[in-house]
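**Student:** Okay, here's the structure, questions in a sec.
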Amino acid sequence: MSALRYVYAICRPFSAALSAELTGVGGVPPKLLRHGDLIAVVGAVPEREFAAEPLRRRLEDASWLEATARAHQGVIDALTAVTSPLPLRLATVLRDDSGVRVMMEERREDFLRTLDRLDGRVEWDVSVYAGATEDTGTSETSGTFAEEFTRRLHDTLSECAEENRLLAPRRQDTVREPSLEEAGEKIFDAAYLVPRAESGEFVERVNGKAGEEPGMRVELTGPWAAYSFTRSTGLTGFTGVTGGTDRRH
């Protein structure tokens with residue numbers, strides 16, 4: 001059975017080595033595929049699972065999807081520790097190395113422009129929950145009060161972020177379900193693009209606001225690759241295909 005190429009991310013060349021024990025989707029170690037001044041981080045995946053039709057069915061299988069997403073994110077996290085990757089969407093698949101190189105050549109300028117913008121930067125995600133907390137139990141928070149708190153928080157965090165994105169509050173940041181102590185309504189969700197060197201200050205600002213208001217729980221996750229700051233370019237819209245250089249958006 002032939003193998004397709006699963007593409008995790010596009011990067012500039014980097015000198016740090018990835019762990020020899022790092023594995024990705026299907027338990028296969030990722031490899032670096034260089035084309036000019038770009039690198040694609042790829043892995044081999046079986047056609048029986050990742051060709052267009054079987055992939056559509058697999059994406060409806062919650063357990064398969066979760067395992068694949070975890071493996072994908074593990075590779076992205078490893079890359080984020082050593083460089084500033086441009087992560088591609090889950091299940092971005094091309095026929096072979098030649099197809100990956102053609103994709104890099106065709107979108108080279110877009111890739112380079114986005115990589116320049118992301119260089120030395122990471123994404124931090126901040127959510128705010130109103131209602132039940134470990135300290136206060138269930139409580140009702142007025143919309144005006146909650147809006148004022150989240151506005152102040154956003155203003156403070158934006159001061160040390162180069163870009164920000166307000167996200168839909170229903171977005172889930174992690175695959176785990178919140179505990180009873182963490183329950184509450186998510187009223188605010190935002191992503192911040194922060195220079196890696198200034199992440200300490202950003203975290204301190206979040207921690208400073210975390211206990212400021214009773215009935216509000218502030219949750220910080222990261223640092224992540226800058227997913228939220230590549231979507232507007234369409235670069236994370238690349239999706240699974242199986243033929244030569246064909247691609248579906």
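Just remember, in the structure tokens the first chain shown is A, the second B, etc., residues are 1-based per chain, and ligands are 1-based in the order shown.
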Excluding Val126 of chain A and any residue of its chain fewer than 3 positions from it, enumerate the residues within 8 Å of it, using only C-alpha atoms, and give them as an NGL selection string.

**Tutor:** :A and (188-191 or 218-221)

**Student:** May I have the selected residues written with N, CA and C atoms, as a compact mmCIF listing (two decimals), in the first residue's frame?

**Tutor:**
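Once written, again-v7.txt looks like this:
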# COMPACT_ATOMS: atom_id res chain seq x y z
N PHE A 188 -15.74 35.08 27.29
CA PHE A 188 -14.68 35.79 26.56
C PHE A 188 -13.63 34.80 26.12
N ASP A 189 -13.16 34.95 24.91
CA ASP A 189 -12.13 34.07 24.38
C ASP A 189 -11.32 34.87 23.36
N ALA A 190 -10.03 34.96 23.58
CA ALA A 190 -9.19 35.75 22.67
C ALA A 190 -7.82 35.12 22.55
N ALA A 191 -7.19 35.38 21.41
CA ALA A 191 -5.83 34.92 21.14
C ALA A 191 -4.93 36.14 20.98
N VAL A 218 -10.24 33.24 35.02
CA VAL A 218 -9.44 33.51 33.83
C VAL A 218 -8.56 32.30 33.56
N GLU A 219 -8.62 31.79 32.36
CA GLU A 219 -7.83 30.62 31.99
C GLU A 219 -6.86 30.98 30.87
N LEU A 220 -5.59 30.67 31.07
CA LEU A 220 -4.53 30.93 30.10
C LEU A 220 -4.01 29.62 29.55
N THR A 221 -3.88 29.50 28.24
CA THR A 221 -3.24 28.33 27.65
C THR A 221 -2.21 28.79 26.62

**Student:** Which distance in Å separates atom CA of Asp125 of chain A and atom CA of Leu153 of chain A, to one decimal?

**Tutor:**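 Atom-to-atom, atom CA of Asp125 of chain A to atom CA of Leu153 of chain A, that is 12.6 Å.
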
**Student:** Smallest atom-to-atom distance to Gly27 of chain A: which of A:Ala71, A:Val203, A:Val41, A:Leu88, using only C-alpha atoms?

**Tutor:**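 Once distances to Gly27 of chain A are computed over only C-alpha atoms, the minimum belongs to A:Ala71.
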
**Student:** Select, from A:Arg70, A:His35, A:Arg12, A:Lys209, the residue with the minimum atom-to-atom distance to Arg151 of chain A, counting only C-alpha atoms.

**Tutor:**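 Closest residue, counting only C-alpha atoms: A:Lys209.
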
**Student:** Based on DSSP run over this structure's backbone, return all residues of segment 41-129 of chain A in helix (DSSP H, G or I), as a ChimeraX atom specification.

**Tutor:** /A:47-50,52-58,62-80,97-106,108-118

**Student:** A:Gly208, A:Pro29, A:Gly24, A:Pro85: which is nearest Arg152 of chain A, counting only C-alpha atoms?

**Tutor:**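 Going through A:Gly208, A:Pro29, A:Gly24, A:Pro85 one by one, the smallest distance to Arg152 of chain A is for A:Gly208.
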
**Student:** Can you check which residues of segment 27-93 of chain A DSSP gives as strand (DSSP E or B) on the backbone and send them as a count of residues only?

**Tutor:** 17

**Student:** Nearest to Pro54 of chain A among A:Val25, A:Ile10, A:Ala91, A:Leu166, with distances taken over only C-alpha atoms: which residue is it?

**Tutor:**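 The closest residue to Pro54 of chain A is A:Ala91.
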
**Student:** From the list A:Val206, A:Val122, A:Val194, A:Leu4, which residue is nearest Pro46 of chain A when using only C-alpha atoms?

**Tutor:**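 Going through A:Val206, A:Val122, A:Val194, A:Leu4 one by one, the smallest distance to Pro46 of chain A is for A:Leu4.
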
**Student:** Show me, as a PyMOL selection string, the residues that have an atom within 12 Å of Leu65 of chain A when counting only C-alpha atoms, minus same-chain residues fewer than 6 positions from it.

**Tutor:** chain A and resi 25-26+49+55-59+71-73+90-91+175

**Student:** Export C-alpha atoms of the chosen residues as a tab-separated table (two decimals), in the first residue's frame?

**Tutor:**
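Written output follows (selection-v9.tsv):
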chain	number	residue	atom	x	y	z
A	25	VAL	CA	0.19	10.72	12.99
A	26	GLY	CA	0.19	6.93	12.80
A	49	GLU	CA	-6.84	5.88	5.62
A	55	LEU	CA	-10.40	10.30	5.06
A	56	ARG	CA	-13.93	11.75	4.88
A	57	ARG	CA	-15.23	8.73	6.78
A	58	ARG	CA	-12.39	8.82	9.31
A	59	LEU	CA	-13.06	12.48	10.11
A	71	ALA	CA	-0.51	13.39	17.26
A	72	HIS	CA	-0.69	16.39	14.93
A	73	GLN	CA	-0.53	18.83	17.84
A	90	LEU	CA	-5.40	18.92	10.42
A	91	ALA	CA	-5.32	16.28	7.67
A	175	VAL	CA	-9.95	18.32	24.57

**Student:** Determine the nearest neighbour of Arg34 of chain A from the options A:Asp97, A:Glu201, A:Glu185, A:Glu163, counting only C-alpha atoms.

**Tutor:**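 Closest residue, counting only C-alpha atoms: A:Asp97.
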
**Student:** Go ahead and compute the interatomic distance for atom CA of Asp119 of chain A and atom CA of Ala69 of chain A, in Å to one decimal.

**Tutor:**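 A separation of 24.2 Å between them.
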
**Student:** Using Å and a single decimal, report how far atom CA of Ala168 of chain A sits from atom CA of Ala225 of chain A.

**Tutor:**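 Between atom CA of Ala225 of chain A and atom CA of Ala168 of chain A the gap works out to 18.9 Å.
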
**Student:** Any idea what's packed within 12 Å of Glu123 of chain A, counting only C-alpha atoms, ignoring anything in its chain fewer than 4 positions away? Could you give it as a PyMOL selection string?

**Tutor:** chain A and resi 77+80+84-87+118-119+161-165+190-196+198-199+202-203+220-230
